[in-house]
file query.cif (mmCIF, N, CA and C atoms)
data_data
#
loop_
_atom_site.label_atom_id
_atom_site.label_comp_id
_atom_site.auth_asym_id
_atom_site.auth_seq_id
_atom_site.Cartn_x
_atom_site.Cartn_y
_atom_site.Cartn_z
N MET A 155 16.73 -2.39 -10.98
CA MET A 155 15.41 -2.49 -11.57
C MET A 155 14.36 -2.72 -10.49
N LYS A 156 13.13 -2.43 -10.86
CA LYS A 156 12.01 -2.60 -9.94
C LYS A 156 11.12 -3.73 -10.44
N TYR A 157 10.71 -4.60 -9.51
CA TYR A 157 9.96 -5.80 -9.86
C TYR A 157 8.72 -5.98 -9.00
N PHE A 158 7.69 -6.49 -9.63
CA PHE A 158 6.52 -6.99 -8.92
C PHE A 158 6.54 -8.50 -9.07
N ILE A 159 6.51 -9.23 -7.96
CA ILE A 159 6.60 -10.68 -8.02
C ILE A 159 5.22 -11.28 -7.75
N ASP A 160 4.79 -12.10 -8.70
CA ASP A 160 3.49 -12.75 -8.62
C ASP A 160 3.54 -13.93 -7.64
N THR A 161 2.41 -14.22 -7.07
CA THR A 161 2.28 -15.30 -6.08
C THR A 161 2.84 -16.62 -6.59
N ASN A 162 2.49 -16.98 -7.82
CA ASN A 162 2.87 -18.30 -8.31
C ASN A 162 4.38 -18.49 -8.37
N LEU A 163 5.11 -17.45 -8.67
CA LEU A 163 6.57 -17.56 -8.73
C LEU A 163 7.15 -17.79 -7.33
N ILE A 164 6.64 -17.07 -6.35
CA ILE A 164 7.12 -17.24 -4.97
C ILE A 164 6.83 -18.66 -4.48
N ILE A 165 5.61 -19.11 -4.70
CA ILE A 165 5.24 -20.46 -4.24
C ILE A 165 6.04 -21.52 -4.97
N ASP A 166 6.18 -21.36 -6.30
CA ASP A 166 6.96 -22.34 -7.07
C ASP A 166 8.41 -22.40 -6.60
N ALA A 167 8.99 -21.26 -6.29
CA ALA A 167 10.39 -21.24 -5.88
C ALA A 167 10.56 -21.68 -4.43
N TYR A 168 9.72 -21.17 -3.57
CA TYR A 168 9.95 -21.35 -2.14
C TYR A 168 9.31 -22.61 -1.57
N ASP A 169 8.08 -22.88 -1.96
CA ASP A 169 7.36 -24.00 -1.37
C ASP A 169 7.51 -25.28 -2.19
N LYS A 170 7.50 -25.14 -3.52
CA LYS A 170 7.57 -26.32 -4.39
C LYS A 170 8.99 -26.61 -4.87
N LYS A 171 9.90 -25.67 -4.63
CA LYS A 171 11.32 -25.84 -4.99
C LYS A 171 11.54 -26.14 -6.48
N LYS A 172 10.76 -25.49 -7.34
CA LYS A 172 10.91 -25.69 -8.79
C LYS A 172 12.16 -24.95 -9.26
N PRO A 173 13.10 -25.66 -9.90
CA PRO A 173 14.37 -25.05 -10.31
C PRO A 173 14.22 -23.83 -11.22
N GLU A 174 13.28 -23.87 -12.17
CA GLU A 174 13.13 -22.74 -13.09
C GLU A 174 12.65 -21.49 -12.36
N ALA A 175 11.82 -21.65 -11.34
CA ALA A 175 11.36 -20.51 -10.55
C ALA A 175 12.49 -19.98 -9.68
N ILE A 176 13.25 -20.87 -9.09
CA ILE A 176 14.40 -20.46 -8.27
C ILE A 176 15.41 -19.71 -9.14
N ASP A 177 15.67 -20.22 -10.34
CA ASP A 177 16.62 -19.56 -11.25
C ASP A 177 16.14 -18.18 -11.68
N LYS A 178 14.84 -17.99 -11.76
CA LYS A 178 14.29 -16.69 -12.15
C LYS A 178 14.40 -15.68 -11.00
N LEU A 179 14.19 -16.15 -9.79
CA LEU A 179 14.19 -15.26 -8.62
C LEU A 179 15.58 -14.96 -8.06
N ARG A 180 16.46 -15.95 -8.07
CA ARG A 180 17.76 -15.82 -7.40
C ARG A 180 18.52 -14.54 -7.79
N PRO A 181 18.74 -14.28 -9.09
CA PRO A 181 19.54 -13.10 -9.43
C PRO A 181 18.90 -11.78 -8.97
N ILE A 182 17.59 -11.75 -8.94
CA ILE A 182 16.90 -10.53 -8.51
C ILE A 182 17.05 -10.34 -7.00
N LEU A 183 16.90 -11.43 -6.27
CA LEU A 183 17.05 -11.35 -4.81
C LEU A 183 18.49 -11.04 -4.40
N GLU A 184 19.44 -11.49 -5.21
CA GLU A 184 20.86 -11.28 -4.87
C GLU A 184 21.38 -9.92 -5.34
N ASP A 185 20.68 -9.28 -6.26
CA ASP A 185 21.11 -7.98 -6.79
C ASP A 185 20.69 -6.87 -5.82
N GLU A 186 21.66 -6.19 -5.26
CA GLU A 186 21.36 -5.14 -4.28
C GLU A 186 20.63 -3.95 -4.89
N GLU A 187 20.70 -3.82 -6.21
CA GLU A 187 20.02 -2.72 -6.90
C GLU A 187 18.54 -3.02 -7.14
N SER A 188 18.14 -4.27 -7.00
CA SER A 188 16.74 -4.64 -7.24
C SER A 188 15.84 -4.10 -6.15
N GLU A 189 14.70 -3.58 -6.58
CA GLU A 189 13.64 -3.19 -5.65
C GLU A 189 12.48 -4.13 -5.93
N ILE A 190 12.03 -4.82 -4.90
CA ILE A 190 11.01 -5.85 -5.07
C ILE A 190 9.73 -5.44 -4.36
N PHE A 191 8.63 -5.63 -5.07
CA PHE A 191 7.33 -5.24 -4.54
C PHE A 191 6.33 -6.39 -4.69
N ILE A 192 5.38 -6.40 -3.77
CA ILE A 192 4.21 -7.27 -3.86
C ILE A 192 3.03 -6.41 -3.42
N ASN A 193 1.83 -6.92 -3.58
CA ASN A 193 0.68 -6.24 -2.97
C ASN A 193 0.16 -7.12 -1.83
N ARG A 194 -0.81 -6.63 -1.12
CA ARG A 194 -1.31 -7.37 0.04
C ARG A 194 -1.96 -8.69 -0.37
N LEU A 195 -2.45 -8.74 -1.59
CA LEU A 195 -3.06 -9.98 -2.08
C LEU A 195 -2.00 -11.07 -2.30
N VAL A 196 -0.84 -10.70 -2.83
CA VAL A 196 0.26 -11.66 -2.97
C VAL A 196 0.69 -12.14 -1.58
N TYR A 197 0.78 -11.22 -0.66
CA TYR A 197 1.14 -11.54 0.73
C TYR A 197 0.17 -12.59 1.29
N LEU A 198 -1.13 -12.32 1.16
CA LEU A 198 -2.16 -13.22 1.66
C LEU A 198 -2.13 -14.57 0.94
N GLU A 199 -2.12 -14.54 -0.39
CA GLU A 199 -2.15 -15.79 -1.16
C GLU A 199 -0.96 -16.68 -0.83
N THR A 200 0.21 -16.08 -0.76
CA THR A 200 1.42 -16.86 -0.53
C THR A 200 1.43 -17.46 0.88
N LEU A 201 1.19 -16.64 1.87
CA LEU A 201 1.28 -17.13 3.25
C LEU A 201 0.17 -18.12 3.60
N ARG A 202 -0.97 -18.04 2.94
CA ARG A 202 -2.02 -19.02 3.20
C ARG A 202 -1.79 -20.31 2.45
N THR A 203 -0.92 -20.28 1.42
CA THR A 203 -0.67 -21.45 0.58
C THR A 203 0.52 -22.27 1.06
N VAL A 204 1.48 -21.63 1.71
CA VAL A 204 2.67 -22.35 2.18
C VAL A 204 2.22 -23.52 3.04
N LYS A 205 2.84 -24.63 2.82
CA LYS A 205 2.45 -25.87 3.52
C LYS A 205 2.31 -25.64 5.03
N LEU A 206 1.17 -26.05 5.54
CA LEU A 206 0.89 -25.89 6.97
C LEU A 206 1.87 -26.66 7.84
N THR A 207 2.43 -27.72 7.31
CA THR A 207 3.34 -28.54 8.09
C THR A 207 4.72 -27.91 8.23
N ASN A 208 4.95 -26.83 7.52
CA ASN A 208 6.28 -26.24 7.55
C ASN A 208 6.22 -24.81 8.10
N SER A 209 6.20 -24.68 9.41
CA SER A 209 6.11 -23.36 10.03
C SER A 209 7.41 -22.57 9.83
N LYS A 210 8.52 -23.26 9.61
CA LYS A 210 9.79 -22.58 9.36
C LYS A 210 9.70 -21.79 8.04
N ASN A 211 9.18 -22.41 6.98
CA ASN A 211 8.99 -21.72 5.71
C ASN A 211 8.09 -20.51 5.87
N PHE A 212 7.01 -20.68 6.64
CA PHE A 212 6.06 -19.60 6.87
C PHE A 212 6.76 -18.41 7.51
N GLN A 213 7.52 -18.64 8.57
CA GLN A 213 8.22 -17.55 9.26
C GLN A 213 9.29 -16.92 8.38
N GLN A 214 10.02 -17.75 7.62
CA GLN A 214 11.04 -17.20 6.72
C GLN A 214 10.41 -16.31 5.66
N LEU A 215 9.29 -16.75 5.09
CA LEU A 215 8.62 -15.93 4.08
C LEU A 215 8.13 -14.62 4.66
N LYS A 216 7.56 -14.66 5.85
CA LYS A 216 7.11 -13.42 6.49
C LYS A 216 8.28 -12.45 6.65
N THR A 217 9.43 -12.96 7.05
CA THR A 217 10.63 -12.13 7.21
C THR A 217 11.08 -11.57 5.86
N ILE A 218 11.10 -12.40 4.84
CA ILE A 218 11.48 -11.94 3.49
C ILE A 218 10.53 -10.85 3.02
N PHE A 219 9.24 -11.05 3.23
CA PHE A 219 8.25 -10.06 2.78
C PHE A 219 8.45 -8.71 3.45
N GLU A 220 9.01 -8.69 4.65
CA GLU A 220 9.26 -7.43 5.34
C GLU A 220 10.25 -6.56 4.58
N SER A 221 11.09 -7.18 3.74
CA SER A 221 12.06 -6.41 2.97
C SER A 221 11.49 -5.95 1.62
N PHE A 222 10.30 -6.41 1.27
CA PHE A 222 9.65 -6.01 0.01
C PHE A 222 8.77 -4.79 0.25
N GLY A 223 8.61 -4.01 -0.79
CA GLY A 223 7.62 -2.94 -0.73
C GLY A 223 6.23 -3.54 -0.88
N ILE A 224 5.28 -3.04 -0.09
CA ILE A 224 3.90 -3.51 -0.18
C ILE A 224 3.07 -2.43 -0.86
N LEU A 225 2.48 -2.76 -2.00
CA LEU A 225 1.74 -1.80 -2.80
C LEU A 225 0.24 -1.86 -2.50
N ASP A 226 -0.39 -0.70 -2.56
CA ASP A 226 -1.84 -0.65 -2.42
C ASP A 226 -2.49 -1.03 -3.74
N ILE A 227 -3.62 -1.70 -3.65
CA ILE A 227 -4.45 -1.95 -4.82
C ILE A 227 -5.55 -0.89 -4.77
N THR A 228 -5.39 0.12 -5.60
CA THR A 228 -6.31 1.26 -5.59
C THR A 228 -7.58 0.93 -6.37
N GLN A 229 -8.58 1.79 -6.22
CA GLN A 229 -9.81 1.62 -6.99
C GLN A 229 -9.52 1.69 -8.49
N GLU A 230 -8.60 2.55 -8.87
CA GLU A 230 -8.21 2.66 -10.28
C GLU A 230 -7.65 1.33 -10.80
N ILE A 231 -6.86 0.65 -9.99
CA ILE A 231 -6.32 -0.66 -10.38
C ILE A 231 -7.45 -1.67 -10.53
N TYR A 232 -8.38 -1.70 -9.59
CA TYR A 232 -9.53 -2.60 -9.72
C TYR A 232 -10.30 -2.31 -11.00
N ASP A 233 -10.57 -1.03 -11.26
CA ASP A 233 -11.34 -0.66 -12.44
C ASP A 233 -10.62 -1.07 -13.73
N GLN A 234 -9.31 -0.84 -13.79
CA GLN A 234 -8.56 -1.22 -14.99
C GLN A 234 -8.49 -2.73 -15.15
N ALA A 235 -8.38 -3.46 -14.04
CA ALA A 235 -8.37 -4.92 -14.11
C ALA A 235 -9.69 -5.44 -14.68
N ILE A 236 -10.79 -4.84 -14.26
CA ILE A 236 -12.10 -5.22 -14.79
C ILE A 236 -12.18 -4.91 -16.28
N GLN A 237 -11.74 -3.72 -16.66
CA GLN A 237 -11.79 -3.33 -18.08
C GLN A 237 -10.93 -4.25 -18.94
N LEU A 238 -9.73 -4.56 -18.48
CA LEU A 238 -8.85 -5.45 -19.24
C LEU A 238 -9.44 -6.86 -19.31
N SER A 239 -10.03 -7.32 -18.23
CA SER A 239 -10.66 -8.63 -18.21
C SER A 239 -11.80 -8.69 -19.22
N ARG A 240 -12.64 -7.68 -19.23
CA ARG A 240 -13.77 -7.65 -20.16
C ARG A 240 -13.28 -7.56 -21.61
N TYR A 241 -12.25 -6.76 -21.83
CA TYR A 241 -11.68 -6.65 -23.17
C TYR A 241 -11.11 -8.00 -23.61
N SER A 242 -10.39 -8.66 -22.72
CA SER A 242 -9.82 -9.98 -23.03
C SER A 242 -10.91 -10.98 -23.39
N GLN A 243 -11.98 -10.98 -22.60
CA GLN A 243 -13.09 -11.89 -22.88
C GLN A 243 -13.71 -11.60 -24.23
N SER A 244 -13.83 -10.31 -24.57
CA SER A 244 -14.43 -9.94 -25.87
C SER A 244 -13.57 -10.40 -27.04
N LYS A 245 -12.29 -10.62 -26.79
CA LYS A 245 -11.36 -11.08 -27.83
C LYS A 245 -11.16 -12.60 -27.77
N GLY A 246 -11.90 -13.27 -26.89
CA GLY A 246 -11.81 -14.72 -26.78
C GLY A 246 -10.57 -15.21 -26.05
N ILE A 247 -9.95 -14.32 -25.29
CA ILE A 247 -8.75 -14.68 -24.54
C ILE A 247 -9.15 -15.00 -23.11
N SER A 248 -8.82 -16.20 -22.68
CA SER A 248 -9.14 -16.58 -21.30
C SER A 248 -7.87 -17.09 -20.62
N LEU A 249 -7.87 -16.96 -19.33
CA LEU A 249 -6.74 -17.41 -18.52
C LEU A 249 -7.10 -18.74 -17.89
N LYS A 250 -6.08 -19.54 -17.65
CA LYS A 250 -6.33 -20.84 -17.02
C LYS A 250 -6.41 -20.68 -15.51
N GLY A 251 -6.97 -21.65 -14.88
CA GLY A 251 -7.03 -21.63 -13.42
C GLY A 251 -8.23 -20.88 -12.90
N LYS A 252 -8.44 -21.02 -11.60
CA LYS A 252 -9.60 -20.41 -10.98
C LYS A 252 -9.30 -19.03 -10.40
N CYS A 253 -8.10 -18.54 -10.59
CA CYS A 253 -7.71 -17.24 -10.03
C CYS A 253 -7.49 -16.19 -11.11
N ALA A 254 -8.23 -16.28 -12.20
CA ALA A 254 -8.02 -15.35 -13.32
C ALA A 254 -8.21 -13.89 -12.88
N ALA A 255 -9.23 -13.62 -12.07
CA ALA A 255 -9.47 -12.24 -11.63
C ALA A 255 -8.27 -11.70 -10.87
N ILE A 256 -7.65 -12.54 -10.07
CA ILE A 256 -6.48 -12.12 -9.31
C ILE A 256 -5.30 -11.88 -10.23
N ASP A 257 -5.15 -12.70 -11.27
CA ASP A 257 -4.07 -12.48 -12.25
C ASP A 257 -4.22 -11.11 -12.90
N PHE A 258 -5.45 -10.72 -13.25
CA PHE A 258 -5.66 -9.40 -13.83
C PHE A 258 -5.26 -8.31 -12.84
N LEU A 259 -5.60 -8.48 -11.57
CA LEU A 259 -5.22 -7.49 -10.55
C LEU A 259 -3.70 -7.38 -10.42
N HIS A 260 -3.02 -8.51 -10.37
CA HIS A 260 -1.56 -8.47 -10.24
C HIS A 260 -0.93 -7.82 -11.48
N PHE A 261 -1.41 -8.19 -12.65
CA PHE A 261 -0.86 -7.63 -13.88
C PHE A 261 -1.04 -6.11 -13.90
N ILE A 262 -2.25 -5.65 -13.62
CA ILE A 262 -2.52 -4.20 -13.65
C ILE A 262 -1.76 -3.48 -12.53
N THR A 263 -1.60 -4.11 -11.39
CA THR A 263 -0.80 -3.51 -10.31
C THR A 263 0.61 -3.23 -10.80
N ALA A 264 1.22 -4.22 -11.45
CA ALA A 264 2.59 -4.04 -11.97
C ALA A 264 2.62 -2.92 -13.01
N GLN A 265 1.63 -2.88 -13.89
CA GLN A 265 1.59 -1.83 -14.92
C GLN A 265 1.41 -0.45 -14.28
N HIS A 266 0.48 -0.37 -13.33
CA HIS A 266 0.17 0.90 -12.67
C HIS A 266 1.40 1.52 -12.00
N TYR A 267 2.19 0.68 -11.36
CA TYR A 267 3.37 1.16 -10.65
C TYR A 267 4.64 1.11 -11.50
N ARG A 268 4.48 0.76 -12.78
CA ARG A 268 5.59 0.68 -13.75
C ARG A 268 6.71 -0.25 -13.28
N LEU A 269 6.30 -1.47 -12.95
CA LEU A 269 7.24 -2.48 -12.47
C LEU A 269 7.33 -3.63 -13.46
N ASN A 270 8.48 -4.27 -13.49
CA ASN A 270 8.64 -5.49 -14.28
C ASN A 270 7.93 -6.61 -13.53
N LEU A 271 7.05 -7.29 -14.22
CA LEU A 271 6.28 -8.37 -13.60
C LEU A 271 7.00 -9.69 -13.76
N LEU A 272 7.21 -10.38 -12.66
CA LEU A 272 7.81 -11.71 -12.68
C LEU A 272 6.78 -12.73 -12.22
N ALA A 273 6.54 -13.72 -13.08
CA ALA A 273 5.58 -14.77 -12.77
C ALA A 273 6.10 -16.07 -13.37
N SER A 274 5.47 -17.16 -13.01
CA SER A 274 5.93 -18.44 -13.56
C SER A 274 4.87 -19.13 -14.40
N ASP A 275 3.86 -18.39 -14.83
CA ASP A 275 2.90 -19.01 -15.74
C ASP A 275 2.76 -18.18 -17.02
N ARG A 276 2.22 -18.78 -18.04
CA ARG A 276 2.10 -18.16 -19.36
C ARG A 276 0.96 -17.14 -19.43
N ASP A 277 0.07 -17.17 -18.45
CA ASP A 277 -1.05 -16.23 -18.49
C ASP A 277 -0.59 -14.78 -18.50
N MET A 278 0.48 -14.48 -17.79
CA MET A 278 0.96 -13.10 -17.75
C MET A 278 1.51 -12.67 -19.12
N GLU A 279 2.07 -13.61 -19.87
CA GLU A 279 2.53 -13.30 -21.22
C GLU A 279 1.33 -12.97 -22.11
N LYS A 280 0.25 -13.74 -21.97
CA LYS A 280 -0.99 -13.45 -22.72
C LYS A 280 -1.49 -12.06 -22.37
N LEU A 281 -1.48 -11.75 -21.07
CA LEU A 281 -1.98 -10.45 -20.63
C LEU A 281 -1.12 -9.31 -21.17
N ALA A 282 0.17 -9.50 -21.25
CA ALA A 282 1.05 -8.45 -21.78
C ALA A 282 0.68 -8.12 -23.22
N LYS A 283 0.38 -9.13 -24.01
CA LYS A 283 0.01 -8.91 -25.41
C LYS A 283 -1.34 -8.22 -25.53
N VAL A 284 -2.34 -8.72 -24.81
CA VAL A 284 -3.67 -8.14 -24.90
C VAL A 284 -3.70 -6.74 -24.27
N TYR A 285 -2.85 -6.48 -23.30
CA TYR A 285 -2.78 -5.16 -22.65
C TYR A 285 -2.38 -4.09 -23.66
N ILE A 286 -1.39 -4.38 -24.48
CA ILE A 286 -0.95 -3.42 -25.50
C ILE A 286 -2.08 -3.13 -26.47
N GLU A 287 -2.76 -4.18 -26.91
CA GLU A 287 -3.89 -4.02 -27.82
C GLU A 287 -5.00 -3.19 -27.17
N TRP A 288 -5.28 -3.49 -25.89
CA TRP A 288 -6.32 -2.77 -25.15
C TRP A 288 -5.95 -1.29 -25.00
N GLN A 289 -4.69 -1.02 -24.67
CA GLN A 289 -4.23 0.37 -24.52
C GLN A 289 -4.40 1.14 -25.83
N ASN A 290 -4.09 0.48 -26.94
CA ASN A 290 -4.19 1.14 -28.24
C ASN A 290 -5.63 1.32 -28.71
N SER A 291 -6.57 0.60 -28.07
CA SER A 291 -7.97 0.66 -28.51
C SER A 291 -8.75 1.82 -27.88
N HIS A 292 -8.16 2.47 -26.89
CA HIS A 292 -8.88 3.60 -26.28
C HIS A 292 -7.98 4.75 -25.93
#
call {"tool": "encode", "arguments": {"input": "query.cif", "output": "structure tokens"}}
result
Amino acid sequence: MKYFIDTNLIIDAYDKKKPEAIDKLRPILEDEESEIFINRLVYLETLRTVKLTNSKNFQQLKTIFESFGILDITQEIYDQAIQLSRYSQSKGISLKGKCAAIDFLHFITAQHYRLNLLASDRDMEKLAKVYIEWQNSH
């Protein structure tokens, strides 16, 4: 299978050592058939968030990322993220946190490239529901 891994899942598993995030990632990382992708924004967000005191984690993550596919965020992805965000707002659906715009970008990136999205927050589940409704509306 092909996967897009969201920043929060990587940070929760790797930097915060949250068991549920580790359990979600482990089988995918261990499965030789898995193809794992991120975009440059996940790369940036993750590497800038990893604890500064732990340069070993930083180097290990950089090495791990070298084995992932790096996806471009095209203008079409930006445009669709904006449209989905505006549609969500019109339906009274909001995402938590200060990175909502980035969540829309990651979600649409996964959809655009037809990848299974792996994340560790409920916002992506909300987006999956509203995305279907949005797709059916136009």
call {"tool": "resolve_selection", "arguments": {"input": "query.cif", "expression": "the PyMOL selection byres ((chain A and resi 230-246) around 7)", "output": "JSON list (two decimals) with N, CA and C atoms, keeping the file's coordinate frame"}}
result
[["chain", "number", "residue", "atom", "x", "y", "z"],
["A", 227, "ILE", "N", -3.62, -1.70, -3.65],
["A", 227, "ILE", "CA", -4.45, -1.95, -4.82],
["A", 227, "ILE", "C", -5.55, -0.89, -4.77],
["A", 228, "THR", "N", -5.39, 0.12, -5.60],
["A", 228, "THR", "CA", -6.31, 1.26, -5.59],
["A", 228, "THR", "C", -7.58, 0.93, -6.37],
["A", 229, "GLN", "N", -8.58, 1.79, -6.22],
["A", 229, "GLN", "CA", -9.81, 1.62, -6.99],
["A", 229, "GLN", "C", -9.52, 1.69, -8.49],
["A", 247, "ILE", "N", -9.95, -14.32, -25.29],
["A", 247, "ILE", "CA", -8.75, -14.68, -24.54],
["A", 247, "ILE", "C", -9.15, -15.00, -23.11],
["A", 248, "SER", "N", -8.82, -16.20, -22.68],
["A", 248, "SER", "CA", -9.14, -16.58, -21.30],
["A", 248, "SER", "C", -7.87, -17.09, -20.62],
["A", 258, "PHE", "N", -5.45, -10.72, -13.25],
["A", 258, "PHE", "CA", -5.66, -9.40, -13.83],
["A", 258, "PHE", "C", -5.26, -8.31, -12.84],
["A", 259, "LEU", "N", -5.60, -8.48, -11.57],
["A", 259, "LEU", "CA", -5.22, -7.49, -10.55],
["A", 259, "LEU", "C", -3.70, -7.38, -10.42],
["A", 262, "ILE", "N", -2.25, -5.65, -13.62],
["A", 262, "ILE", "CA", -2.52, -4.20, -13.65],
["A", 262, "ILE", "C", -1.76, -3.48, -12.53],
["A", 263, "THR", "N", -1.60, -4.11, -11.39],
["A", 263, "THR", "CA", -0.80, -3.51, -10.31],
["A", 263, "THR", "C", 0.61, -3.23, -10.80],
["A", 284, "VAL", "N", -2.34, -8.72, -24.81],
["A", 284, "VAL", "CA", -3.67, -8.14, -24.90],
["A", 284, "VAL", "C", -3.70, -6.74, -24.27],
["A", 285, "TYR", "N", -2.85, -6.48, -23.30],
["A", 285, "TYR", "CA", -2.78, -5.16, -22.65],
["A", 285, "TYR", "C", -2.38, -4.09, -23.66],
["A", 288, "TRP", "N", -5.28, -3.49, -25.89],
["A", 288, "TRP", "CA", -6.32, -2.77, -25.15],
["A", 288, "TRP", "C", -5.95, -1.29, -25.00]]
call {"tool": "select_by_dssp", "arguments": {"input": "query.cif", "residues": "range 170-275 of chain A", "states": "alpha helix (DSSP H)", "output": "ChimeraX atom specification"}}
result
/A:173-184,194-203,209-220,229-244,254-266
call {"tool": "atom_distance", "arguments": {"input": "query.cif", "atom1": "atom N of Gln213 in chain A", "atom2": "atom N of Leu195 in chain A"}}
result
17.3 Å
call {"tool": "residues_around", "arguments": {"input": "query.cif", "residues": "Ile182 in chain A", "least_positions_apart": "5", "cutoff": "12 Å", "atoms": "only C-alpha atoms", "output": "PyMOL selection string"}}
result
chain A and resi 155-159+175-177+187-191+270-272
call {"tool": "atom_distance", "arguments": {"input": "query.cif", "atom1": "CA of Ala282 in chain A", "atom2": "atom N of Lys171 in chain A"}}
result
25.9 Å
call {"tool": "residues_around", "arguments": {"input": "query.cif", "residues": "Phe261 in chain A", "least_positions_apart": "4", "cutoff": "8 Å", "atoms": "all atoms listed in the file", "output": "ChimeraX atom specification"}}
result
/A:160,235,255-257,265-267,271,278,281-282
call {"tool": "select_by_dssp", "arguments": {"input": "query.cif", "residues": "chain A", "states": "strand (DSSP E)", "output": "PyMOL selection string"}}
result
chain A and resi 156-159+189-193+223-225+270-272
call {"tool": "closest_residue", "arguments": {"input": "query.cif", "among": "A:Ser291, A:Lys205, A:Thr200, A:Gln214", "to": "Ile164 in chain A", "atoms": "all atoms listed in the file"}}
result
A:Thr200
call {"tool": "atom_distance", "arguments": {"input": "query.cif", "atom1": "atom N of Arg180 in chain A", "atom2": "atom N of Leu249 in chain A"}}
result
26.8 Å
call {"tool": "closest_residue", "arguments": {"input": "query.cif", "among": "A:Glu174, A:Glu184, A:Asp226, A:Asp275", "to": "Tyr197 in chain A", "atoms": "only C-alpha atoms"}}
result
A:Asp226
call {"tool": "residues_near_point", "arguments": {"input": "query.cif", "point": "(5.7, -16.4, -0.7)", "cutoff": "8 Å", "atoms": "all atoms listed in the file", "output": "ChimeraX atom specification"}}
result
/A:160-166,168-169,196-197,199-204,214-216,219
call {"tool": "closest_residue", "arguments": {"input": "query.cif", "among": "A:Ala167, A:Ile286, A:Ile192, A:Leu179", "to": "His260 in chain A", "atoms": "only C-alpha atoms"}}
result
A:Ile192
call {"tool": "closest_residue", "arguments": {"input": "query.cif", "among": "A:Leu183, A:Lys280, A:Ala264, A:Leu269", "to": "Ile218 in chain A", "atoms": "only C-alpha atoms"}}
result
A:Leu183
